[in-house]
Every structure is written in structure tokens, then in C-alpha cells.
Amino acid sequence: MNSDAAAGFDGQGTHNTEVERGILFVISSPSGGGKGTLIRRVLSLDPRLGYSVSWTTRSPRVGEVEGVHYRFVSPDEFASARERGEFLEWAAVHDNYYGTSRTTVTRELSAGRDVILEIDVQGAASIRHANLEAVSVFILPPSFEILRARLTARSSETPDTLSLRLRNSRAEVEHYREFDYVLLNDNVERSAAQLAAIVSAERARRPRQERLARRVLATFPAPTTEAL
Ligand code: 5GP
């Protein structure tokens with residue numbers, strides 16, 4: 001993982017009280033922690049959840065599709081997007097740059113849709129330090145050995161990038177303390193159900209149900225003094 005100086009937050013952190021804003025979910029784990037699989041599972045179960053496609057300077061892996069997995073750009077394109085304020089947050093991770101599109105996230109949240117950001121621990125810290133409400137979830141692999149086995153099995157990495165990711169993994173896991181929720185990813189079905197339960201519980205928080213509660217309350221007759 002790179003230093004804090006290699007990460008930034010450019011959000012304005014405004015709160016729109018007119019529209020019922022969607023909830024921003026920030027999900028992090030070390031590389032190989034299995035968050036991609038979990039998130040895909042939860043997205044397929046819940047049509048109200050949207051996913052923000054990040055920008056990256058990393059090369060596409062076999063099977064990765066432009067605009068679906070990432071927006072793949074050159075370092076120059078990334079730098080100019082960053083300069084014009086395109087990123088809500090960005091970070092240098094494992095020798096590449098990654099950034100979250102401000103336009104997409106703001107549009108989705110303002111339309112009342114919940115959005116999942118699958119970002120590294122530096123990006124999660126940038127979001128947390130800004131004046132932006134978010135629910136954060138850290139996905140723990142069961143152990144270092146299992147993480148290593150998963151990363152090796154997916155054969156997407158060269159020996160060098162594999163070893164860089166493994167070297168960075170302990171420092172990433174240490175950040176679990178900064179998250180609202182911590183989930184053990186030992187079984188995809190169980191962990192996906194737990195993630196879906198977190199999404200559901202967050203939606204049911206009282207401040208987010210205020211409008212609904214008032215609507216229901218308005219159907220009740222007003223209290224009369226006679227009843228007192
Ligand atoms: P990968 O190269 O394996 O797809 O991703 C490497 C790391 O970058 C993962 O931890 C992933 O969550 C993180 N990442 C992906 N998109 C973003 C982003 O937009 N911002 C930040 N800060 N990290 C990201």
C-alpha cells in the first residue's frame with residue numbers, strides 16, 4: 001500500500017435534504033479477500049443497489065470489460081481527470097491509480113439509489129474524513145494462507161504483482177478497526193446474506209425512515225382534547 005500522500009478526497013460533502021438520498025456503502029478488503037464475488041452476489045439479489053465503476057490505470061485482466069469492471073485509462077488521462085475534479089476519492093494502490101467517479105456517485109445518490117463502492121482502505125479513509133455520510137464494511141479473509149491461496153488460484157497476477165499484493169495485505173487488514181462493520185468471508189452464501197442484512201438494517205435506521213413514518217402517522221386521526 002502507498003502512503004497517505006498518494007490518496008486524495010475531492011468531494012464537496014453536501015447534503016441534500018429535499019430528495020431522500022441513497023446510502024453510500026464503502027466496502028474494502030485486501031486483494032483476494034473475495035469482496036468482488038460477495039458484492040456481485042448482493043447486487044444480483046437487490047435491484048435497489050447500484051455499483052460505481054471505478055477508473056484505473058491498471059491493465060485489464062483476461063475477461064475484464066471496459067466500463068463494466070473498470071474504466072481503463074492511461075496515467076495521463078487519470079491525471080487530467082483528477083485535475084478537473086472528476087474523482088470523489090482516488091488512491092495509488094499496488095502501483096496503480098484508482099478513482100471513484102464523482103459524477104456517477106452524486107447522480108445515483110441524488111436519485112435516491114444506494115451505491116456500493118468497492119475501494120481500498122485509503123479510499124475508505126478519504127471518504128470517512130470528508131463530510132460525506134457512508135456505511136463502511138471491511139471484508140476479512142479467514143487467514144493469510146487462504147488469502148494467498150485465493151490470489152494464487154485466480155492466476156490474474158504476475159509473480160511480482162502477487163507478491164506485492166501479499167506484502168501489502170497485512171497493513172490493509174490492520175485498518176479493519178476504522179470500519180462500521182467487519183465481515184468474515186469464509187463462505188460466500190453466508191457472507192453475502194450477512195452483507196445483504198447490513199444493507200437492509202441500514203435502510204431501516206430511524207432517520208432514514210422519517211418520511212415513511214410521518215406518512216403513516218398522517219393517516220391517524222389528530223389527538224382531540226376530549227380524549228384527554
Ligand atoms: P484490483 O486491481 O484487484 O481490481 O483492485 C486493487 C485494489 O484497488 C482493491 O483493493 C480495490 O478495492 C481497489 N480499488 C478499486 N477501485 C478503487 C477506487 O475507485 N478507489 C480506491 N481508492 N480503490 C479502488
# chains A, B, ... in the order shown; residues from 1 in each chain; ligands from 1
call {"tool": "residues_near_ligand", "arguments": {"ligand": "ligand 1", "cutoff": "7 Å", "atoms": "only C-alpha atoms and all ligand atoms", "output": "tab-separated table (two decimals) with N, CA and C atoms, in the first residue's frame"}}
result
chain	number	residue	atom	x	y	z
A	28	SER	N	-14.31	-2.59	1.68
A	28	SER	CA	-12.87	-2.79	1.47
A	28	SER	C	-12.45	-4.16	1.97
A	29	SER	N	-11.33	-4.62	1.41
A	29	SER	CA	-10.70	-5.86	1.89
A	29	SER	C	-9.34	-5.92	1.23
A	30	PRO	N	-8.45	-6.77	1.73
A	30	PRO	CA	-7.20	-6.91	0.98
A	30	PRO	C	-7.48	-7.60	-0.35
A	31	SER	N	-6.58	-7.44	-1.29
A	31	SER	CA	-6.72	-8.09	-2.60
A	31	SER	C	-6.82	-9.59	-2.39
A	54	SER	N	-15.19	2.11	-11.10
A	54	SER	CA	-14.04	2.99	-10.85
A	54	SER	C	-13.20	3.19	-12.11
A	55	TRP	N	-12.36	4.19	-12.05
A	55	TRP	CA	-11.34	4.39	-13.08
A	55	TRP	C	-10.05	3.76	-12.57
A	56	THR	N	-9.26	3.20	-13.48
A	56	THR	CA	-7.95	2.68	-13.07
A	56	THR	C	-6.92	2.81	-14.19
A	58	ARG	N	-4.58	0.51	-14.16
A	58	ARG	CA	-4.13	-0.89	-14.30
A	58	ARG	C	-4.60	-1.45	-15.65
A	89	GLU	N	-12.90	10.36	-4.69
A	89	GLU	CA	-11.68	9.97	-3.98
A	89	GLU	C	-10.83	9.23	-4.98
A	90	TRP	N	-9.54	9.20	-4.72
A	90	TRP	CA	-8.63	8.43	-5.58
A	90	TRP	C	-7.47	7.97	-4.71
A	91	ALA	N	-6.76	6.95	-5.15
A	91	ALA	CA	-5.60	6.47	-4.39
A	91	ALA	C	-4.66	5.71	-5.31
A	93	VAL	N	-2.77	2.38	-5.46
A	93	VAL	CA	-2.86	1.07	-4.79
A	93	VAL	C	-2.05	0.06	-5.60
A	94	HIS	N	-1.16	-0.66	-4.93
A	94	HIS	CA	-0.34	-1.68	-5.60
A	94	HIS	C	0.24	-1.15	-6.92
A	98	TYR	N	-6.34	4.41	-8.83
A	98	TYR	CA	-7.75	4.03	-8.87
A	98	TYR	C	-8.56	5.23	-8.39
A	99	GLY	N	-9.70	5.48	-8.99
A	99	GLY	CA	-10.51	6.61	-8.55
A	99	GLY	C	-12.00	6.37	-8.74
A	100	THR	N	-12.77	7.00	-7.86
A	100	THR	CA	-14.24	6.89	-7.90
A	100	THR	C	-14.82	8.11	-8.60
A	118	GLU	N	-16.46	-0.24	-4.14
A	118	GLU	CA	-15.51	-1.30	-3.79
A	118	GLU	C	-14.13	-0.66	-3.88
A	119	ILE	N	-13.63	-0.16	-2.77
A	119	ILE	CA	-12.39	0.63	-2.82
A	119	ILE	C	-11.40	0.19	-1.75
A	120	ASP	N	-10.17	0.64	-1.86
A	120	ASP	CA	-9.16	0.21	-0.89
A	120	ASP	C	-9.28	1.01	0.41
A	121	VAL	N	-8.45	0.65	1.39
A	121	VAL	CA	-8.58	1.27	2.72
A	121	VAL	C	-8.23	2.76	2.71
A	122	GLN	N	-7.36	3.18	1.79
A	122	GLN	CA	-7.03	4.61	1.69
A	122	GLN	C	-8.24	5.40	1.18
A	123	GLY	N	-8.91	4.84	0.18
A	123	GLY	CA	-10.11	5.48	-0.36
A	123	GLY	C	-11.21	5.55	0.70
A	124	ALA	N	-11.33	4.46	1.49
A	124	ALA	CA	-12.34	4.44	2.56
A	124	ALA	C	-12.03	5.53	3.58
call {"tool": "select_by_dssp", "arguments": {"residues": "region 44-155 of chain A", "states": "strand (DSSP E or B)", "output": "ChimeraX atom specification"}}
result
/A:49-51,55-56,66,70-72,87-93,96-101,114-118,135-140
call {"tool": "residues_around", "arguments": {"residues": "Ser143 (chain A)", "least_positions_apart": "4", "cutoff": "12 Å", "atoms": "only C-alpha atoms", "output": "CSV table (one decimal) with N, CA, C and O atoms, in the first residue's frame"}}
result
chain,number,residue,atom,x,y,z
A,30,PRO,N,-8.4,-6.8,1.7
A,30,PRO,CA,-7.2,-6.9,1.0
A,30,PRO,C,-7.5,-7.6,-0.3
A,30,PRO,O,-8.5,-8.3,-0.5
A,32,GLY,N,-7.9,-10.2,-3.0
A,32,GLY,CA,-8.0,-11.6,-2.8
A,32,GLY,C,-9.0,-12.0,-1.6
A,32,GLY,O,-9.3,-13.1,-1.3
A,33,GLY,N,-9.5,-10.9,-1.0
A,33,GLY,CA,-10.4,-11.1,0.2
A,33,GLY,C,-11.8,-11.6,-0.2
A,33,GLY,O,-12.6,-11.9,0.6
A,139,ILE,N,-14.2,-6.5,4.7
A,139,ILE,CA,-14.3,-8.0,4.5
A,139,ILE,C,-13.0,-8.6,4.9
A,139,ILE,O,-11.9,-8.4,4.3
A,147,LEU,N,-5.9,-16.4,2.0
A,147,LEU,CA,-5.8,-15.2,1.1
A,147,LEU,C,-4.8,-15.5,0.0
A,147,LEU,O,-5.0,-15.3,-1.2
A,148,ARG,N,-3.6,-16.1,0.4
A,148,ARG,CA,-2.6,-16.4,-0.6
A,148,ARG,C,-3.1,-17.4,-1.6
A,148,ARG,O,-2.9,-17.3,-2.8
A,149,ALA,N,-3.8,-18.4,-1.1
A,149,ALA,CA,-4.3,-19.5,-1.9
A,149,ALA,C,-5.3,-18.9,-2.9
A,149,ALA,O,-5.3,-19.3,-4.1
A,150,ARG,N,-6.2,-18.0,-2.5
A,150,ARG,CA,-7.2,-17.4,-3.4
A,150,ARG,C,-6.5,-16.6,-4.5
A,150,ARG,O,-6.9,-16.7,-5.7
A,166,LEU,N,0.4,-9.5,-1.7
A,166,LEU,CA,0.5,-10.2,-0.4
A,166,LEU,C,1.3,-9.4,0.7
A,166,LEU,O,0.9,-9.4,1.8
A,169,SER,N,-0.9,-6.9,2.2
A,169,SER,CA,-2.2,-7.3,2.8
A,169,SER,C,-2.3,-7.1,4.3
A,169,SER,O,-3.4,-6.8,4.8
A,170,ARG,N,-1.2,-7.3,5.0
A,170,ARG,CA,-1.3,-7.2,6.5
A,170,ARG,C,-1.7,-5.8,6.9
A,170,ARG,O,-2.6,-5.5,7.7
A,173,VAL,N,-5.3,-5.2,6.3
A,173,VAL,CA,-6.2,-5.8,7.3
A,173,VAL,C,-6.2,-5.0,8.6
A,173,VAL,O,-7.2,-4.9,9.3
A,184,LEU,N,-16.6,-11.7,8.1
A,184,LEU,CA,-15.6,-12.8,7.7
A,184,LEU,C,-16.1,-13.4,6.5
A,184,LEU,O,-17.3,-13.9,6.4
A,185,ASN,N,-15.2,-13.5,5.5
A,185,ASN,CA,-15.7,-14.1,4.2
A,185,ASN,C,-15.1,-15.6,4.1
A,185,ASN,O,-14.2,-15.9,3.4
A,186,ASP,N,-15.8,-16.4,4.9
A,186,ASP,CA,-15.4,-17.8,4.9
A,186,ASP,C,-16.3,-18.7,4.0
A,186,ASP,O,-16.0,-19.8,3.6
call {"tool": "select_by_dssp", "arguments": {"residues": "region 110-162 of chain A", "states": "alpha helix (DSSP H)", "output": "list in words"}}
result
Ser110, Val121, Gln122, Gly123, Ala124, Ala125, Ser126, Ile127, Arg128, His129, Phe144, Glu145, Ile146, Leu147, Arg148, Ala149, Arg150, Leu151, Thr152, Ala153, Pro159, Asp160, Thr161 and Leu162 of chain A
call {"tool": "residues_around", "arguments": {"residues": "region 176-179 of chain A", "least_positions_apart": "5", "cutoff": "7 Å", "atoms": "only C-alpha atoms", "output": "number ranges by chain"}}
result
A: 136-138
call {"tool": "residues_around", "arguments": {"residues": "region 205-207 of chain A", "least_positions_apart": "6", "cutoff": "12 Å", "atoms": "only C-alpha atoms", "output": "list in words"}}
result
Thr17, Glu20, Arg21, Ile23, Val135, Ile198, Val199, Ala213 and Arg214 of chain A
call {"tool": "write_last_selection", "arguments": {"atoms": "N, CA and C atoms", "output": "mmCIF file, in the first residue's frame"}}
result
data_model
loop_
_atom_site.group_PDB
_atom_site.id
_atom_site.type_symbol
_atom_site.label_atom_id
_atom_site.label_comp_id
_atom_site.auth_asym_id
_atom_site.auth_seq_id
_atom_site.Cartn_x
_atom_site.Cartn_y
_atom_site.Cartn_z
ATOM 1 N N THR A 17 -31.319 17.802 1.513
ATOM 2 C CA THR A 17 -32.366 17.384 2.439
ATOM 3 C C THR A 17 -33.711 17.239 1.731
ATOM 4 N N GLU A 20 -34.774 12.207 -0.878
ATOM 5 C CA GLU A 20 -34.314 11.161 0.037
ATOM 6 C C GLU A 20 -33.075 10.524 -0.580
ATOM 7 N N ARG A 21 -31.930 10.899 -0.091
ATOM 8 C CA ARG A 21 -30.695 10.425 -0.702
ATOM 9 C C ARG A 21 -30.485 8.944 -0.484
ATOM 10 N N ILE A 23 -28.030 5.579 0.105
ATOM 11 C CA ILE A 23 -26.975 5.327 1.093
ATOM 12 C C ILE A 23 -25.706 4.919 0.346
ATOM 13 N N VAL A 135 -21.640 4.150 4.955
ATOM 14 C CA VAL A 135 -21.601 2.979 5.828
ATOM 15 C C VAL A 135 -20.443 2.128 5.326
ATOM 16 N N ILE A 198 -26.852 -6.241 6.366
ATOM 17 C CA ILE A 198 -26.325 -4.929 6.761
ATOM 18 C C ILE A 198 -27.008 -3.833 5.930
ATOM 19 N N VAL A 199 -27.122 -4.071 4.637
ATOM 20 C CA VAL A 199 -27.767 -3.096 3.745
ATOM 21 C C VAL A 199 -29.203 -2.858 4.222
ATOM 22 N N ALA A 213 -42.439 7.192 8.207
ATOM 23 C CA ALA A 213 -43.136 7.209 9.497
ATOM 24 C C ALA A 213 -44.119 8.371 9.552
ATOM 25 N N ARG A 214 -43.710 9.528 9.001
ATOM 26 C CA ARG A 214 -44.613 10.690 9.018
ATOM 27 C C ARG A 214 -45.826 10.460 8.127
#
call {"tool": "atom_distance", "arguments": {"atom1": "CA of Tyr70 (chain A)", "atom2": "CA of Val53 (chain A)"}}
result
5.4 Å
call {"tool": "closest_residue", "arguments": {"among": "A:Ala196, A:Ile116, A:Leu164, A:Leu132", "to": "Phe25 (chain A)", "atoms": "only C-alpha atoms"}}
result
A:Ile116
call {"tool": "residues_around", "arguments": {"residues": "Pro75 (chain A)", "least_positions_apart": "6", "cutoff": "9 Å", "atoms": "only C-alpha atoms", "output": "VMD selection string"}}
result
chain A and resid 56 to 57 96 to 97
call {"tool": "atom_distance", "arguments": {"atom1": "CA of Arg165 (chain A)", "atom2": "CA of Ala193 (chain A)"}}
result
27.4 Å
call {"tool": "residues_around", "arguments": {"residues": "region 41-47 of chain A", "least_positions_apart": "3", "cutoff": "7 Å", "atoms": "only C-alpha atoms", "output": "PyMOL selection string"}}
result
chain A and resi 37-38+192+196
call {"tool": "decode", "arguments": {"residues": "region 54-199 of chain A", "atoms": "C-alpha atoms", "output": "mmCIF file, in the first residue's frame"}}
result
data_model
loop_
_atom_site.group_PDB
_atom_site.id
_atom_site.type_symbol
_atom_site.label_atom_id
_atom_site.label_comp_id
_atom_site.auth_asym_id
_atom_site.auth_seq_id
_atom_site.Cartn_x
_atom_site.Cartn_y
_atom_site.Cartn_z
ATOM 1 C CA SER A 54 -14.036 2.985 -10.855
ATOM 2 C CA TRP A 55 -11.340 4.392 -13.082
ATOM 3 C CA THR A 56 -7.951 2.683 -13.069
ATOM 4 C CA THR A 57 -4.562 2.892 -14.740
ATOM 5 C CA ARG A 58 -4.127 -0.888 -14.304
ATOM 6 C CA SER A 59 -4.281 -3.053 -17.454
ATOM 7 C CA PRO A 60 -7.422 -5.135 -17.918
ATOM 8 C CA ARG A 61 -7.218 -8.788 -16.839
ATOM 9 C CA VAL A 62 -8.488 -11.533 -19.096
ATOM 10 C CA GLY A 63 -12.283 -11.307 -19.094
ATOM 11 C CA GLU A 64 -12.475 -7.759 -17.744
ATOM 12 C CA VAL A 65 -14.660 -5.446 -19.789
ATOM 13 C CA GLU A 66 -14.178 -1.700 -20.249
ATOM 14 C CA GLY A 67 -16.952 0.222 -18.496
ATOM 15 C CA VAL A 68 -18.173 -2.880 -16.623
ATOM 16 C CA HIS A 69 -15.283 -3.839 -14.349
ATOM 17 C CA TYR A 70 -13.377 -0.573 -14.615
ATOM 18 C CA ARG A 71 -12.886 2.378 -16.835
ATOM 19 C CA PHE A 72 -9.345 1.611 -18.009
ATOM 20 C CA VAL A 73 -7.348 4.771 -18.679
ATOM 21 C CA SER A 74 -3.754 5.851 -19.211
ATOM 22 C CA PRO A 75 -1.824 7.599 -16.412
ATOM 23 C CA ASP A 76 -2.193 10.888 -18.346
ATOM 24 C CA GLU A 77 -5.957 10.501 -18.689
ATOM 25 C CA PHE A 78 -6.180 9.689 -14.999
ATOM 26 C CA ALA A 79 -4.108 12.746 -14.039
ATOM 27 C CA SER A 80 -6.194 15.122 -16.122
ATOM 28 C CA ALA A 81 -9.462 13.656 -14.770
ATOM 29 C CA ARG A 82 -8.101 14.141 -11.272
ATOM 30 C CA GLU A 83 -7.133 17.745 -12.031
ATOM 31 C CA ARG A 84 -10.584 18.604 -13.302
ATOM 32 C CA GLY A 85 -12.121 17.194 -10.109
ATOM 33 C CA GLU A 86 -13.640 14.045 -11.619
ATOM 34 C CA PHE A 87 -12.856 11.953 -8.530
ATOM 35 C CA LEU A 88 -14.745 11.781 -5.293
ATOM 36 C CA GLU A 89 -11.676 9.968 -3.978
ATOM 37 C CA TRP A 90 -8.630 8.434 -5.578
ATOM 38 C CA ALA A 91 -5.596 6.473 -4.389
ATOM 39 C CA ALA A 92 -2.431 4.784 -5.569
ATOM 40 C CA VAL A 93 -2.859 1.071 -4.790
ATOM 41 C CA HIS A 94 -0.335 -1.676 -5.602
ATOM 42 C CA ASP A 95 1.491 0.597 -8.080
ATOM 43 C CA ASN A 96 -1.598 1.784 -9.985
ATOM 44 C CA TYR A 97 -4.082 4.612 -9.622
ATOM 45 C CA TYR A 98 -7.751 4.035 -8.872
ATOM 46 C CA GLY A 99 -10.510 6.613 -8.551
ATOM 47 C CA THR A 100 -14.237 6.890 -7.905
ATOM 48 C CA SER A 101 -16.280 8.977 -10.327
ATOM 49 C CA ARG A 102 -17.929 11.846 -8.518
ATOM 50 C CA THR A 103 -20.483 12.312 -11.314
ATOM 51 C CA THR A 104 -21.801 8.754 -11.107
ATOM 52 C CA VAL A 105 -21.996 8.604 -7.326
ATOM 53 C CA THR A 106 -23.629 12.007 -6.924
ATOM 54 C CA ARG A 107 -26.175 11.243 -9.643
ATOM 55 C CA GLU A 108 -27.148 7.876 -8.139
ATOM 56 C CA LEU A 109 -27.359 9.091 -4.540
ATOM 57 C CA SER A 110 -29.345 12.177 -5.502
ATOM 58 C CA ALA A 111 -31.820 9.967 -7.361
ATOM 59 C CA GLY A 112 -32.306 8.041 -4.118
ATOM 60 C CA ARG A 113 -30.412 4.913 -5.147
ATOM 61 C CA ASP A 114 -27.986 3.173 -2.803
ATOM 62 C CA VAL A 115 -24.470 2.794 -4.160
ATOM 63 C CA ILE A 116 -21.666 0.342 -3.398
ATOM 64 C CA LEU A 117 -18.062 1.496 -3.678
ATOM 65 C CA GLU A 118 -15.507 -1.300 -3.789
ATOM 66 C CA ILE A 119 -12.393 0.635 -2.817
ATOM 67 C CA ASP A 120 -9.161 0.208 -0.892
ATOM 68 C CA VAL A 121 -8.585 1.270 2.717
ATOM 69 C CA GLN A 122 -7.035 4.613 1.692
ATOM 70 C CA GLY A 123 -10.114 5.483 -0.359
ATOM 71 C CA ALA A 124 -12.337 4.435 2.557
ATOM 72 C CA ALA A 125 -10.336 6.769 4.835
ATOM 73 C CA SER A 126 -10.730 9.647 2.363
ATOM 74 C CA ILE A 127 -14.500 9.174 2.318
ATOM 75 C CA ARG A 128 -14.589 8.935 6.116
ATOM 76 C CA HIS A 129 -12.556 12.095 6.642
ATOM 77 C CA ALA A 130 -14.793 14.062 4.332
ATOM 78 C CA ASN A 131 -18.201 15.357 5.254
ATOM 79 C CA LEU A 132 -19.960 12.540 3.430
ATOM 80 C CA GLU A 133 -22.230 10.016 5.081
ATOM 81 C CA ALA A 134 -21.253 6.430 4.328
ATOM 82 C CA VAL A 135 -21.601 2.979 5.828
ATOM 83 C CA SER A 136 -18.322 1.077 5.724
ATOM 84 C CA VAL A 137 -17.780 -2.669 5.712
ATOM 85 C CA PHE A 138 -14.456 -4.479 5.940
ATOM 86 C CA ILE A 139 -14.281 -7.983 4.496
ATOM 87 C CA LEU A 140 -11.843 -10.227 6.342
ATOM 88 C CA PRO A 141 -10.318 -13.279 4.672
ATOM 89 C CA PRO A 142 -10.263 -16.273 7.056
ATOM 90 C CA SER A 143 -6.431 -16.265 7.196
ATOM 91 C CA PHE A 144 -3.302 -15.173 5.361
ATOM 92 C CA GLU A 145 -2.857 -18.674 3.949
ATOM 93 C CA ILE A 146 -6.359 -18.687 2.493
ATOM 94 C CA LEU A 147 -5.811 -15.220 1.050
ATOM 95 C CA ARG A 148 -2.596 -16.395 -0.571
ATOM 96 C CA ALA A 149 -4.306 -19.499 -1.942
ATOM 97 C CA ARG A 150 -7.196 -17.444 -3.396
ATOM 98 C CA LEU A 151 -4.897 -14.908 -5.011
ATOM 99 C CA THR A 152 -2.702 -17.636 -6.471
ATOM 100 C CA ALA A 153 -5.678 -19.637 -7.742
ATOM 101 C CA ARG A 154 -7.205 -16.755 -9.647
ATOM 102 C CA SER A 155 -3.945 -16.579 -11.690
ATOM 103 C CA SER A 156 -4.587 -12.979 -12.663
ATOM 104 C CA GLU A 157 -1.307 -11.751 -11.224
ATOM 105 C CA THR A 158 2.298 -11.985 -12.299
ATOM 106 C CA PRO A 159 4.671 -13.310 -9.605
ATOM 107 C CA ASP A 160 5.695 -9.689 -8.889
ATOM 108 C CA THR A 161 2.187 -8.251 -8.516
ATOM 109 C CA LEU A 162 1.130 -11.298 -6.493
ATOM 110 C CA SER A 163 3.953 -10.790 -4.044
ATOM 111 C CA LEU A 164 3.310 -7.016 -3.852
ATOM 112 C CA ARG A 165 -0.369 -7.638 -3.043
ATOM 113 C CA LEU A 166 0.534 -10.201 -0.380
ATOM 114 C CA ARG A 167 3.113 -7.867 1.149
ATOM 115 C CA ASN A 168 0.514 -5.077 1.373
ATOM 116 C CA SER A 169 -2.213 -7.313 2.790
ATOM 117 C CA ARG A 170 -1.324 -7.200 6.485
ATOM 118 C CA ALA A 171 -1.248 -3.372 6.563
ATOM 119 C CA GLU A 172 -4.641 -3.381 4.807
ATOM 120 C CA VAL A 173 -6.201 -5.815 7.308
ATOM 121 C CA GLU A 174 -4.982 -3.657 10.205
ATOM 122 C CA HIS A 175 -7.410 -0.981 9.029
ATOM 123 C CA TYR A 176 -10.427 -3.144 9.959
ATOM 124 C CA ARG A 177 -10.761 -1.033 13.129
ATOM 125 C CA GLU A 178 -11.850 2.010 11.140
ATOM 126 C CA PHE A 179 -14.918 0.343 9.637
ATOM 127 C CA ASP A 180 -18.524 0.262 10.864
ATOM 128 C CA TYR A 181 -18.916 -3.465 10.147
ATOM 129 C CA VAL A 182 -16.485 -6.360 9.843
ATOM 130 C CA LEU A 183 -17.478 -9.490 7.936
ATOM 131 C CA LEU A 184 -15.632 -12.786 7.747
ATOM 132 C CA ASN A 185 -15.657 -14.118 4.206
ATOM 133 C CA ASP A 186 -15.388 -17.847 4.874
ATOM 134 C CA ASN A 187 -18.469 -18.913 2.954
ATOM 135 C CA VAL A 188 -19.834 -16.886 0.037
ATOM 136 C CA GLU A 189 -23.509 -17.675 0.664
ATOM 137 C CA ARG A 190 -23.371 -16.875 4.359
ATOM 138 C CA SER A 191 -21.232 -13.773 3.938
ATOM 139 C CA ALA A 192 -23.420 -12.432 1.101
ATOM 140 C CA ALA A 193 -26.506 -12.928 3.289
ATOM 141 C CA GLN A 194 -24.757 -11.008 6.063
ATOM 142 C CA LEU A 195 -23.839 -8.175 3.715
ATOM 143 C CA ALA A 196 -27.433 -8.031 2.449
ATOM 144 C CA ALA A 197 -28.603 -7.909 6.076
ATOM 145 C CA ILE A 198 -26.325 -4.929 6.761
ATOM 146 C CA VAL A 199 -27.767 -3.096 3.745
#
